[in-house]
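Quick notes on the structure that follows.
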Amino acid sequence: MKKIEHKSALATVLIWLLFSYAPVMSQVSEKPNIIIIYTDDQGYGDVGALNPAAKFRTPNMDKIANEGVIFTDGHSSDAVCTPSRYSLLTGRYSWRTSLKKGVLEADGPGLIEEGRMTIASLLQENGYHTAMIGKWHLQMDFAGTLGKDRDWSAPFVGGPIDHGFDYFFGIPASMNYGVLTYLENDRVLDPPVLWTKKKAVTDPRSFRDSVTPNDYRMTPPYVTERGEGGTWIEVAPSFNDELVLETFTSHAVDYIKKAAVESKNGKPFFLYIPLTSPHLPHSTHPDFRRISDCGNYGDFMQETDHRVGQILDALDANGLADNTLVIFSSDNGAETNYTYHQEVYDHYSNLNFKGGKRDIYEGGHRVPYLMRWPAKIKAGSKVDIAVCQTDYLATIAAIVGVPLPEDAGEDSYNLLPMLLGESAGSDRGAVIHHSVTGHFAIREGKWKLNMLRGSGGSLQPVFVETKDGEPIYELYDMEADPGETKNLYDQYPEVVKALTAKITEIISNGRSTPGAPQDFIKSDWPQLTWMRLE
């Protein structure tokens with residue numbers, strides 16, 4: 001009898017899965033090519049379509065926005081680099097791993113666990129050719145240690161090809177973390193046998209030392225011996241920071257041209273392009289200097305937009321644009337130089353939002369969140385509910401008609417009905433925000449509860465020591481007060497209670513989506529001041 005009941009239950013589940021995905025599969029009969037363009041430290045106000053008062057031009061980013069859908073309330077999963085990249089690829093918040101705060105280096109054990117599903121591995125298993133061209137910054141293990149016993153001829157491990165990518169060309173991490181050389185698949189192309197430090201910027205259009213962190217360059221000449229003190233970086237003789245965007249884009253365009261043949265014969269491709277701009281150093285190519293009304297930062301942004309345009313042009317040239325889903329977003333909000341550009345150029349990288357990179361406030365993680373897919377997405381569409389980059393995995397799984405297993409995409413919601421204009425997205429659950437210091441906020445509907453006082457990042461005050469009787473957290477009505485100016489903690493205790501219970505449940509269950517609870521790393525977590533993990 002038990003066996004019969006078990007088979008009946010299994011059949012019910014299979015039938016539910018079949019009918020759940022049948023509408024999606026019928027609407028998306030031909031699998032699209034998928035490109036994710038991921039900029040670095042680009043604020044919400046750094047796209048003309050989102051900020052008409054921007055002091056530089058972004059016609060190609062605007063093209064994606066105007067010909068597709070703008071998610072006006074889209075978020076990176078974190079306010080800094082590494083954790084956002086983990087979450088984008090895996091559909092899981094990175095604070096469920098050992099990385100409870102901050103970012104990783106260039107060289108070291110990779111953050112993505114062996115066997116964990118990524119967008120790349122999902123698509124690789126479902127008939128796609130998968131490629132990454134750009135910045136990894138999830139760590140990879142190089143042979144030897146810094147400054148001694150390096151073997152640059154040995155393959156590195158833990159990089160993109162170990163996590164579902166058929167092809168990789170790029171650099172290990174942000175330029176200030178070192179190992180400055182280009183990599184292909186699992187090999188170093190030009191051994192980084194020289195040394196450099198951050199170099200002072202002389203360009204008068206740069207903010208140089210007026211902002212912390214200040215601008216710098218990673219450009220030749222380099223030296224053969226490491227000098228005194230720390231912060232020395234391994235660099236290849238051929239590496240030049242001002243050529244990185246051009247190099248990435250030329251490889252991406254070549255890849256699209258080659259992949260187009262197979263794509264037209266039934267094998268689509270996935271191309272992940274995490275760019276290094278506008279992260280420091282603001283290493284603008286010589287062809288783009290002095291062209292904007294926002295100093296060197298604006299020049300760098302206009303170069304970035306031009307590179308985006310080259311990728312879009314490659315789709316057009318190869319007849320692929322109509323059935324290619326282009327996703328455009330940034331890993332976190334604008335670097336602290338956003339205040340300088342407000343004061344000097346009247347340009348607002350964070351638009352009307354509070355804070356920037358590293359902060360729990362909106363400016364830290366509300367980012368451009370755009371999608372274009374001419375065959376399916378109605379041009380000029382907008383979605384106003386809060387969504388997260390973790391949602392890419394479940395959305396792409398729905399596009400290819402594959403249900404996610406219980407232990408994958410634990411924090412990923414399917415946005416495909418919103419892309420197709422079939423749903424307002426009311427079933428999208430709460431979004432969790434996270435600062436560089438590892439502190440939390442929860443957003444559900446119009447309410448946002450910051451589980452600390454202060455930014456938890458760069459904006460002062462970073463932390464507020466509260467006195468007896470003062471609010472211990474910050475509650476904001478994001479519809480009425482998107483700039484987070486009025487703390488409503490005392491006025492709405494019932495909302496505080498409900499949101500505290502919800503974030504506790506999301507953390508404790510190991511997932512924010514419906515499904516069986518999943519395990520996660522629970523140790524070394526002092527930021528969870530309101531709850532205790534068993």
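Note on naming: chains are A, B, ... as they come in the structure tokens, residues start from 1 per chain, ligands start from 1 in the order shown.
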With 7 Å as the cut-off and only C-alpha atoms counted, what is the closest atom pair between each nearby residue of segment 119-150 of chain A and segment 258-281 of chain A? Distances in Å to one decimal, ordered by chain and number, as a tab-separated table.
```
residue	atom	partner	partner_atom	distance
A:Gly127	CA	A:Lys267	CA	6.2
A:Tyr128	CA	A:Phe269	CA	5.0
A:His129	CA	A:Phe269	CA	4.6
A:Thr130	CA	A:Phe270	CA	4.7
A:Ala131	CA	A:Leu271	CA	4.9
A:Met132	CA	A:Tyr272	CA	4.6
A:Ile133	CA	A:Ile273	CA	5.1
A:Gly134	CA	A:Pro274	CA	4.9
A:Lys135	CA	A:Pro274	CA	5.4
```
Show me, as a PDB file with all heavy atoms, in the first residue's frame, the residues that have an atom within 10 Å of His306 of chain A when counting only C-alpha atoms, minus same-chain residues fewer than 2 positions from it.
```pdb
ATOM      1  N   ARG A  57      26.292  60.727 -22.051  1.00  0.00           N
ATOM      2  CA  ARG A  57      25.319  60.068 -22.922  1.00  0.00           C
ATOM      3  C   ARG A  57      25.513  58.548 -22.907  1.00  0.00           C
ATOM      4  O   ARG A  57      26.639  58.064 -22.958  1.00  0.00           O
ATOM      5  CB  ARG A  57      25.432  60.600 -24.351  1.00  0.00           C
ATOM      6  CG  ARG A  57      25.068  62.072 -24.480  1.00  0.00           C
ATOM      7  CD  ARG A  57      25.218  62.591 -25.894  1.00  0.00           C
ATOM      8  NE  ARG A  57      26.618  62.549 -26.334  1.00  0.00           N
ATOM      9  CZ  ARG A  57      27.528  63.452 -26.020  1.00  0.00           C
ATOM     10  NH1 ARG A  57      27.208  64.474 -25.237  1.00  0.00           N
ATOM     11  NH2 ARG A  57      28.760  63.351 -26.471  1.00  0.00           N
ATOM     12  N   THR A  58      24.399  57.830 -22.872  1.00  0.00           N
ATOM     13  CA  THR A  58      24.441  56.362 -22.903  1.00  0.00           C
ATOM     14  C   THR A  58      23.417  55.839 -23.918  1.00  0.00           C
ATOM     15  O   THR A  58      22.480  55.127 -23.557  1.00  0.00           O
ATOM     16  CB  THR A  58      24.152  55.769 -21.510  1.00  0.00           C
ATOM     17  OG1 THR A  58      22.847  56.221 -21.066  1.00  0.00           O
ATOM     18  CG2 THR A  58      25.209  56.192 -20.499  1.00  0.00           C
ATOM     19  N   PRO A  59      23.562  56.150 -25.196  1.00  0.00           N
ATOM     20  CA  PRO A  59      22.538  55.765 -26.179  1.00  0.00           C
ATOM     21  C   PRO A  59      22.342  54.265 -26.314  1.00  0.00           C
ATOM     22  O   PRO A  59      21.234  53.812 -26.646  1.00  0.00           O
ATOM     23  CB  PRO A  59      23.067  56.376 -27.481  1.00  0.00           C
ATOM     24  CG  PRO A  59      24.540  56.577 -27.260  1.00  0.00           C
ATOM     25  CD  PRO A  59      24.672  56.902 -25.806  1.00  0.00           C
ATOM     26  N   ASN A  60      23.366  53.472 -26.064  1.00  0.00           N
ATOM     27  CA  ASN A  60      23.226  52.023 -26.247  1.00  0.00           C
ATOM     28  C   ASN A  60      22.580  51.356 -25.041  1.00  0.00           C
ATOM     29  O   ASN A  60      21.760  50.441 -25.204  1.00  0.00           O
ATOM     30  CB  ASN A  60      24.605  51.429 -26.544  1.00  0.00           C
ATOM     31  CG  ASN A  60      25.156  51.958 -27.851  1.00  0.00           C
ATOM     32  OD1 ASN A  60      24.602  51.707 -28.914  1.00  0.00           O
ATOM     33  ND2 ASN A  60      26.226  52.746 -27.773  1.00  0.00           N
ATOM     34  N   MET A  61      22.909  51.808 -23.839  1.00  0.00           N
ATOM     35  CA  MET A  61      22.168  51.336 -22.668  1.00  0.00           C
ATOM     36  C   MET A  61      20.713  51.774 -22.771  1.00  0.00           C
ATOM     37  O   MET A  61      19.797  51.001 -22.445  1.00  0.00           O
ATOM     38  CB  MET A  61      22.806  51.881 -21.387  1.00  0.00           C
ATOM     39  CG  MET A  61      24.235  51.433 -21.171  1.00  0.00           C
ATOM     40  SD  MET A  61      24.966  52.222 -19.710  1.00  0.00           S
ATOM     41  CE  MET A  61      26.713  51.902 -19.999  1.00  0.00           C
ATOM     42  N   LEU A 245      38.738  47.244 -21.605  1.00  0.00           N
ATOM     43  CA  LEU A 245      37.388  47.226 -22.169  1.00  0.00           C
ATOM     44  C   LEU A 245      37.407  46.924 -23.667  1.00  0.00           C
ATOM     45  O   LEU A 245      36.583  46.149 -24.162  1.00  0.00           O
ATOM     46  CB  LEU A 245      36.697  48.567 -21.930  1.00  0.00           C
ATOM     47  CG  LEU A 245      36.274  48.904 -20.499  1.00  0.00           C
ATOM     48  CD1 LEU A 245      35.556  50.243 -20.471  1.00  0.00           C
ATOM     49  CD2 LEU A 245      35.398  47.813 -19.903  1.00  0.00           C
ATOM     50  N   GLU A 246      38.338  47.521 -24.365  1.00  0.00           N
ATOM     51  CA  GLU A 246      38.471  47.259 -25.798  1.00  0.00           C
ATOM     52  C   GLU A 246      38.775  45.789 -26.054  1.00  0.00           C
ATOM     53  O   GLU A 246      38.207  45.159 -26.960  1.00  0.00           O
ATOM     54  CB  GLU A 246      39.573  48.132 -26.378  1.00  0.00           C
ATOM     55  CG  GLU A 246      39.809  47.936 -27.863  1.00  0.00           C
ATOM     56  CD  GLU A 246      40.948  48.803 -28.378  1.00  0.00           C
ATOM     57  OE1 GLU A 246      42.049  48.745 -27.780  1.00  0.00           O
ATOM     58  OE2 GLU A 246      40.741  49.511 -29.369  1.00  0.00           O
ATOM     59  N   THR A 249      35.698  43.556 -25.337  1.00  0.00           N
ATOM     60  CA  THR A 249      34.645  43.718 -26.330  1.00  0.00           C
ATOM     61  C   THR A 249      35.013  43.072 -27.660  1.00  0.00           C
ATOM     62  O   THR A 249      34.162  42.448 -28.320  1.00  0.00           O
ATOM     63  CB  THR A 249      34.333  45.211 -26.532  1.00  0.00           C
ATOM     64  OG1 THR A 249      34.077  45.810 -25.257  1.00  0.00           O
ATOM     65  CG2 THR A 249      33.123  45.383 -27.423  1.00  0.00           C
ATOM     66  N   PHE A 288      38.434  58.078 -26.028  1.00  0.00           N
ATOM     67  CA  PHE A 288      37.199  58.547 -25.387  1.00  0.00           C
ATOM     68  C   PHE A 288      37.440  59.638 -24.347  1.00  0.00           C
ATOM     69  O   PHE A 288      36.519  59.988 -23.602  1.00  0.00           O
ATOM     70  CB  PHE A 288      36.462  57.353 -24.754  1.00  0.00           C
ATOM     71  CG  PHE A 288      35.984  56.363 -25.767  1.00  0.00           C
ATOM     72  CD1 PHE A 288      36.818  55.323 -26.175  1.00  0.00           C
ATOM     73  CD2 PHE A 288      34.740  56.486 -26.349  1.00  0.00           C
ATOM     74  CE1 PHE A 288      36.398  54.411 -27.134  1.00  0.00           C
ATOM     75  CE2 PHE A 288      34.311  55.577 -27.304  1.00  0.00           C
ATOM     76  CZ  PHE A 288      35.139  54.542 -27.700  1.00  0.00           C
ATOM     77  N   PHE A 300      34.673  57.725 -19.106  1.00  0.00           N
ATOM     78  CA  PHE A 300      34.759  56.275 -18.910  1.00  0.00           C
ATOM     79  C   PHE A 300      33.394  55.625 -19.121  1.00  0.00           C
ATOM     80  O   PHE A 300      33.276  54.553 -19.725  1.00  0.00           O
ATOM     81  CB  PHE A 300      35.290  56.000 -17.507  1.00  0.00           C
ATOM     82  CG  PHE A 300      35.883  54.647 -17.296  1.00  0.00           C
ATOM     83  CD1 PHE A 300      36.529  53.954 -18.308  1.00  0.00           C
ATOM     84  CD2 PHE A 300      35.836  54.051 -16.039  1.00  0.00           C
ATOM     85  CE1 PHE A 300      37.094  52.698 -18.091  1.00  0.00           C
ATOM     86  CE2 PHE A 300      36.406  52.809 -15.809  1.00  0.00           C
ATOM     87  CZ  PHE A 300      37.029  52.129 -16.835  1.00  0.00           C
ATOM     88  N   MET A 301      32.355  56.299 -18.637  1.00  0.00           N
ATOM     89  CA  MET A 301      31.008  55.775 -18.837  1.00  0.00           C
ATOM     90  C   MET A 301      30.615  55.803 -20.311  1.00  0.00           C
ATOM     91  O   MET A 301      29.962  54.879 -20.813  1.00  0.00           O
ATOM     92  CB  MET A 301      29.998  56.574 -18.007  1.00  0.00           C
ATOM     93  CG  MET A 301      29.931  56.172 -16.541  1.00  0.00           C
ATOM     94  SD  MET A 301      29.538  54.427 -16.263  1.00  0.00           S
ATOM     95  CE  MET A 301      28.153  54.177 -17.343  1.00  0.00           C
ATOM     96  N   GLN A 302      31.008  56.830 -21.035  1.00  0.00           N
ATOM     97  CA  GLN A 302      30.676  56.874 -22.464  1.00  0.00           C
ATOM     98  C   GLN A 302      31.453  55.819 -23.241  1.00  0.00           C
ATOM     99  O   GLN A 302      30.929  55.245 -24.210  1.00  0.00           O
ATOM    100  CB  GLN A 302      30.897  58.277 -23.025  1.00  0.00           C
ATOM    101  CG  GLN A 302      29.840  59.248 -22.550  1.00  0.00           C
ATOM    102  CD  GLN A 302      29.717  60.523 -23.363  1.00  0.00           C
ATOM    103  OE1 GLN A 302      29.204  61.514 -22.867  1.00  0.00           O
ATOM    104  NE2 GLN A 302      30.131  60.514 -24.609  1.00  0.00           N
ATOM    105  N   GLU A 303      32.688  55.529 -22.810  1.00  0.00           N
ATOM    106  CA  GLU A 303      33.385  54.403 -23.427  1.00  0.00           C
ATOM    107  C   GLU A 303      32.654  53.097 -23.132  1.00  0.00           C
ATOM    108  O   GLU A 303      32.470  52.253 -24.024  1.00  0.00           O
ATOM    109  CB  GLU A 303      34.831  54.287 -22.945  1.00  0.00           C
ATOM    110  CG  GLU A 303      35.525  53.116 -23.630  1.00  0.00           C
ATOM    111  CD  GLU A 303      36.894  52.745 -23.086  1.00  0.00           C
ATOM    112  OE1 GLU A 303      37.410  53.438 -22.203  1.00  0.00           O
ATOM    113  OE2 GLU A 303      37.436  51.713 -23.562  1.00  0.00           O
ATOM    114  N   THR A 304      32.229  52.926 -21.894  1.00  0.00           N
ATOM    115  CA  THR A 304      31.491  51.716 -21.524  1.00  0.00           C
ATOM    116  C   THR A 304      30.254  51.551 -22.390  1.00  0.00           C
ATOM    117  O   THR A 304      29.965  50.459 -22.896  1.00  0.00           O
ATOM    118  CB  THR A 304      31.091  51.774 -20.039  1.00  0.00           C
ATOM    119  OG1 THR A 304      32.262  51.935 -19.228  1.00  0.00           O
ATOM    120  CG2 THR A 304      30.360  50.512 -19.617  1.00  0.00           C
ATOM    121  N   VAL A 308      29.124  48.539 -25.050  1.00  0.00           N
ATOM    122  CA  VAL A 308      27.809  47.888 -25.066  1.00  0.00           C
ATOM    123  C   VAL A 308      27.228  47.952 -26.475  1.00  0.00           C
ATOM    124  O   VAL A 308      26.671  46.978 -26.996  1.00  0.00           O
ATOM    125  CB  VAL A 308      26.862  48.551 -24.046  1.00  0.00           C
ATOM    126  CG1 VAL A 308      25.431  48.026 -24.205  1.00  0.00           C
ATOM    127  CG2 VAL A 308      27.359  48.312 -22.621  1.00  0.00           C
ATOM    128  N   GLY A 309      27.384  49.103 -27.114  1.00  0.00           N
ATOM    129  CA  GLY A 309      26.880  49.257 -28.471  1.00  0.00           C
ATOM    130  C   GLY A 309      27.549  48.329 -29.473  1.00  0.00           C
ATOM    131  O   GLY A 309      26.895  47.828 -30.408  1.00  0.00           O
ATOM    132  N   GLN A 310      28.847  48.088 -29.285  1.00  0.00           N
ATOM    133  CA  GLN A 310      29.543  47.159 -30.181  1.00  0.00           C
ATOM    134  C   GLN A 310      28.959  45.746 -30.065  1.00  0.00           C
ATOM    135  O   GLN A 310      28.875  45.015 -31.059  1.00  0.00           O
ATOM    136  CB  GLN A 310      31.035  47.153 -29.862  1.00  0.00           C
ATOM    137  CG  GLN A 310      31.749  48.424 -30.273  1.00  0.00           C
ATOM    138  CD  GLN A 310      33.225  48.396 -29.912  1.00  0.00           C
ATOM    139  OE1 GLN A 310      33.598  48.340 -28.741  1.00  0.00           O
ATOM    140  NE2 GLN A 310      34.087  48.423 -30.926  1.00  0.00           N
ATOM    141  N   ILE A 311      28.578  45.367 -28.857  1.00  0.00           N
ATOM    142  CA  ILE A 311      27.976  44.049 -28.649  1.00  0.00           C
ATOM    143  C   ILE A 311      26.598  43.984 -29.311  1.00  0.00           C
ATOM    144  O   ILE A 311      26.256  43.009 -30.001  1.00  0.00           O
ATOM    145  CB  ILE A 311      27.886  43.743 -27.145  1.00  0.00           C
ATOM    146  CG1 ILE A 311      29.301  43.609 -26.558  1.00  0.00           C
ATOM    147  CG2 ILE A 311      27.074  42.478 -26.883  1.00  0.00           C
ATOM    148  CD1 ILE A 311      29.360  43.706 -25.051  1.00  0.00           C
ATOM    149  N   LEU A 312      25.791  45.037 -29.138  1.00  0.00           N
ATOM    150  CA  LEU A 312      24.480  45.072 -29.788  1.00  0.00           C
ATOM    151  C   LEU A 312      24.618  45.085 -31.306  1.00  0.00           C
ATOM    152  O   LEU A 312      23.848  44.416 -32.017  1.00  0.00           O
ATOM    153  CB  LEU A 312      23.705  46.305 -29.320  1.00  0.00           C
ATOM    154  CG  LEU A 312      23.391  46.412 -27.826  1.00  0.00           C
ATOM    155  CD1 LEU A 312      22.599  47.686 -27.542  1.00  0.00           C
ATOM    156  CD2 LEU A 312      22.640  45.191 -27.312  1.00  0.00           C
TER     157      LEU A 312
END
```
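Reported to one decimal place, the separation of atom CA of His365 of chain A from atom CA of Pro461 of chain A is 18.0 Å.
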Please run DSSP on the backbone and report, as a PyMOL selection string, all residues within segment 151-289 of chain A that come out as strand (DSSP E). chain A and resi 167-171+183-184+187-188+194-196+233-235+269-274
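You can rank A:Glu184, A:Ile112, A:Asp73, A:Asp316 by their closest distance to Gly445 of chain A using only C-alpha atoms, and at the top of that list sits A:Asp73.
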Shell of 10 Å around Tyr216 of chain A, only C-alpha atoms, local chain residues under 6 positions omitted, as an NGL selection string: :A and (176 or 197-202 or 206-209 or 280-283)
Give me a file of those residues, with N, CA and C atoms, as a tab-separated table (two decimals), in the first residue's frame.
```tsv
chain	number	residue	atom	x	y	z
A	176	ASN	N	42.77	46.16	-8.63
A	176	ASN	CA	43.51	46.42	-7.40
A	176	ASN	C	43.82	45.16	-6.61
A	197	LYS	N	52.40	48.94	-8.30
A	197	LYS	CA	51.49	49.45	-7.29
A	197	LYS	C	50.51	50.39	-7.98
A	198	LYS	N	49.48	50.81	-7.25
A	198	LYS	CA	48.59	51.83	-7.79
A	198	LYS	C	49.41	53.07	-8.13
A	199	LYS	N	49.17	53.63	-9.31
A	199	LYS	CA	49.92	54.79	-9.76
A	199	LYS	C	49.06	56.04	-9.69
A	200	ALA	N	49.68	57.15	-9.32
A	200	ALA	CA	48.96	58.41	-9.21
A	200	ALA	C	48.43	58.85	-10.57
A	201	VAL	N	47.28	59.48	-10.55
A	201	VAL	CA	46.65	59.96	-11.76
A	201	VAL	C	47.01	61.43	-11.96
A	202	THR	N	47.38	61.78	-13.17
A	202	THR	CA	47.72	63.17	-13.48
A	202	THR	C	46.63	63.88	-14.28
A	206	SER	N	40.19	63.93	-13.75
A	206	SER	CA	39.93	62.92	-12.72
A	206	SER	C	39.82	63.60	-11.36
A	207	PHE	N	39.08	63.00	-10.44
A	207	PHE	CA	39.02	63.54	-9.08
A	207	PHE	C	40.29	63.25	-8.29
A	208	ARG	N	41.13	62.36	-8.82
A	208	ARG	CA	42.44	62.04	-8.25
A	208	ARG	C	42.35	61.77	-6.74
A	209	ASP	N	42.94	62.66	-5.91
A	209	ASP	CA	42.99	62.42	-4.47
A	209	ASP	C	41.88	63.14	-3.71
A	280	LEU	N	37.03	51.62	-10.29
A	280	LEU	CA	38.41	52.12	-10.33
A	280	LEU	C	39.36	51.02	-10.77
A	281	PRO	N	40.42	51.35	-11.51
A	281	PRO	CA	40.80	52.69	-11.99
A	281	PRO	C	39.93	53.13	-13.15
A	282	HIS	N	39.66	54.43	-13.22
A	282	HIS	CA	38.90	54.98	-14.34
A	282	HIS	C	39.84	55.17	-15.52
A	283	SER	N	40.15	54.04	-16.13
A	283	SER	CA	41.22	53.96	-17.14
A	283	SER	C	40.62	54.10	-18.54
```
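Atom CA of Val179 of chain A lies 14.5 Å from atom CA of Asp149 of chain A.
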Counting only C-alpha atoms, the option among A:Phe520, A:Phe239, A:Tyr348, A:Tyr492 closest to Gly43 of chain A: A:Tyr348
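Remark: for Lys63 of chain A, the closest of the candidate residues A:Asp293, A:Asp305, A:Asp490, A:Asp287 is A:Asp305 (distances computed over only C-alpha atoms).
Here atom CA of Ala441 of chain A stands at a distance of 21.1 Å from atom CA of Lys467 of chain A.
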Give the alpha helix (DSSP H) residues of segment 146-378 of chain A, as DSSP finds them on the backbone, and put them as a ChimeraX atom specification. /A:244-264,295-317,338-345
Pick from A:Gly147, A:Phe165, A:Pro526, A:Cys294 nearest to Arg226 of chain A, counting only C-alpha atoms: A:Gly147
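Residue neighbourhood of segment 359-361 of chain A, excluding near-sequence residues (fewer than 5 positions): A:Ala79, A:Phe353, A:Lys354, A:His433, A:His434, A:Ser435, A:Val436, A:His439, A:Phe440, A:Ala441, A:Asn450, A:Ser455, A:Gly456, A:Gly457, A:Ser458, A:Leu459, A:Glu484, at 8 Å, using only C-alpha atoms.
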Could you take the residues named above and write them with N, CA, C and O atoms, as a CSV table (one decimal), in the first residue's frame?
```csv
chain,number,residue,atom,x,y,z
A,79,ALA,N,25.8,45.0,-1.7
A,79,ALA,CA,26.3,46.3,-2.0
A,79,ALA,C,27.8,46.3,-2.5
A,79,ALA,O,28.4,47.4,-2.6
A,353,PHE,N,18.5,58.4,-4.6
A,353,PHE,CA,18.6,57.4,-3.6
A,353,PHE,C,19.7,57.7,-2.6
A,353,PHE,O,20.7,58.4,-2.9
A,354,LYS,N,19.6,57.2,-1.4
A,354,LYS,CA,20.6,57.5,-0.3
A,354,LYS,C,21.8,56.5,-0.4
A,354,LYS,O,21.6,55.3,-0.6
A,433,HIS,N,18.5,42.6,1.3
A,433,HIS,CA,19.7,43.5,1.0
A,433,HIS,C,20.8,43.2,2.0
A,433,HIS,O,20.5,42.8,3.1
A,434,HIS,N,22.0,43.6,1.6
A,434,HIS,CA,23.2,43.2,2.4
A,434,HIS,C,24.3,44.2,2.2
A,434,HIS,O,24.6,44.6,1.0
A,435,SER,N,24.9,44.7,3.2
A,435,SER,CA,26.0,45.7,3.1
A,435,SER,C,27.4,45.1,3.2
A,435,SER,O,27.5,43.9,3.5
A,436,VAL,N,28.4,45.9,2.9
A,436,VAL,CA,29.8,45.4,3.0
A,436,VAL,C,30.2,44.8,4.3
A,436,VAL,O,31.0,43.9,4.4
A,439,HIS,N,25.7,43.5,7.2
A,439,HIS,CA,24.4,43.8,7.8
A,439,HIS,C,23.2,43.7,6.8
A,439,HIS,O,23.4,43.8,5.6
A,440,PHE,N,22.0,43.5,7.3
A,440,PHE,CA,20.9,43.1,6.5
A,440,PHE,C,19.8,44.2,6.5
A,440,PHE,O,19.7,45.0,7.3
A,441,ALA,N,19.0,44.1,5.4
A,441,ALA,CA,17.7,44.8,5.3
A,441,ALA,C,16.8,43.9,4.6
A,441,ALA,O,17.2,43.0,3.8
A,450,ASN,N,15.7,48.1,7.7
A,450,ASN,CA,17.2,48.0,7.9
A,450,ASN,C,17.5,47.5,9.3
A,450,ASN,O,17.1,48.1,10.2
A,455,SER,N,24.6,53.2,7.8
A,455,SER,CA,24.7,52.7,6.5
A,455,SER,C,25.3,51.3,6.4
A,455,SER,O,25.1,50.6,5.5
A,456,GLY,N,26.1,50.9,7.4
A,456,GLY,CA,26.8,49.6,7.4
A,456,GLY,C,27.8,49.5,6.2
A,456,GLY,O,28.2,48.5,5.8
A,457,GLY,N,28.2,50.7,5.7
A,457,GLY,CA,29.1,50.7,4.6
A,457,GLY,C,30.1,51.9,4.6
A,457,GLY,O,30.9,52.0,5.4
A,458,SER,N,29.9,52.8,3.6
A,458,SER,CA,30.8,54.0,3.5
A,458,SER,C,30.1,55.3,4.0
A,458,SER,O,30.8,56.2,4.5
A,459,LEU,N,28.8,55.5,3.8
A,459,LEU,CA,28.2,56.7,4.1
A,459,LEU,C,28.2,56.9,5.6
A,459,LEU,O,27.8,55.9,6.4
A,484,GLU,N,14.8,57.5,1.8
A,484,GLU,CA,15.0,57.0,3.2
A,484,GLU,C,15.4,58.1,4.1
A,484,GLU,O,16.5,58.1,4.8
```
Residues near Tyr489 of chain A, anyone? I mean within 8 Å using only C-alpha atoms, not counting same-chain ones fewer than 5 positions away, as a list in words. Pro471, Tyr473, Glu474, Leu475, Tyr476 and Val496 of chain A
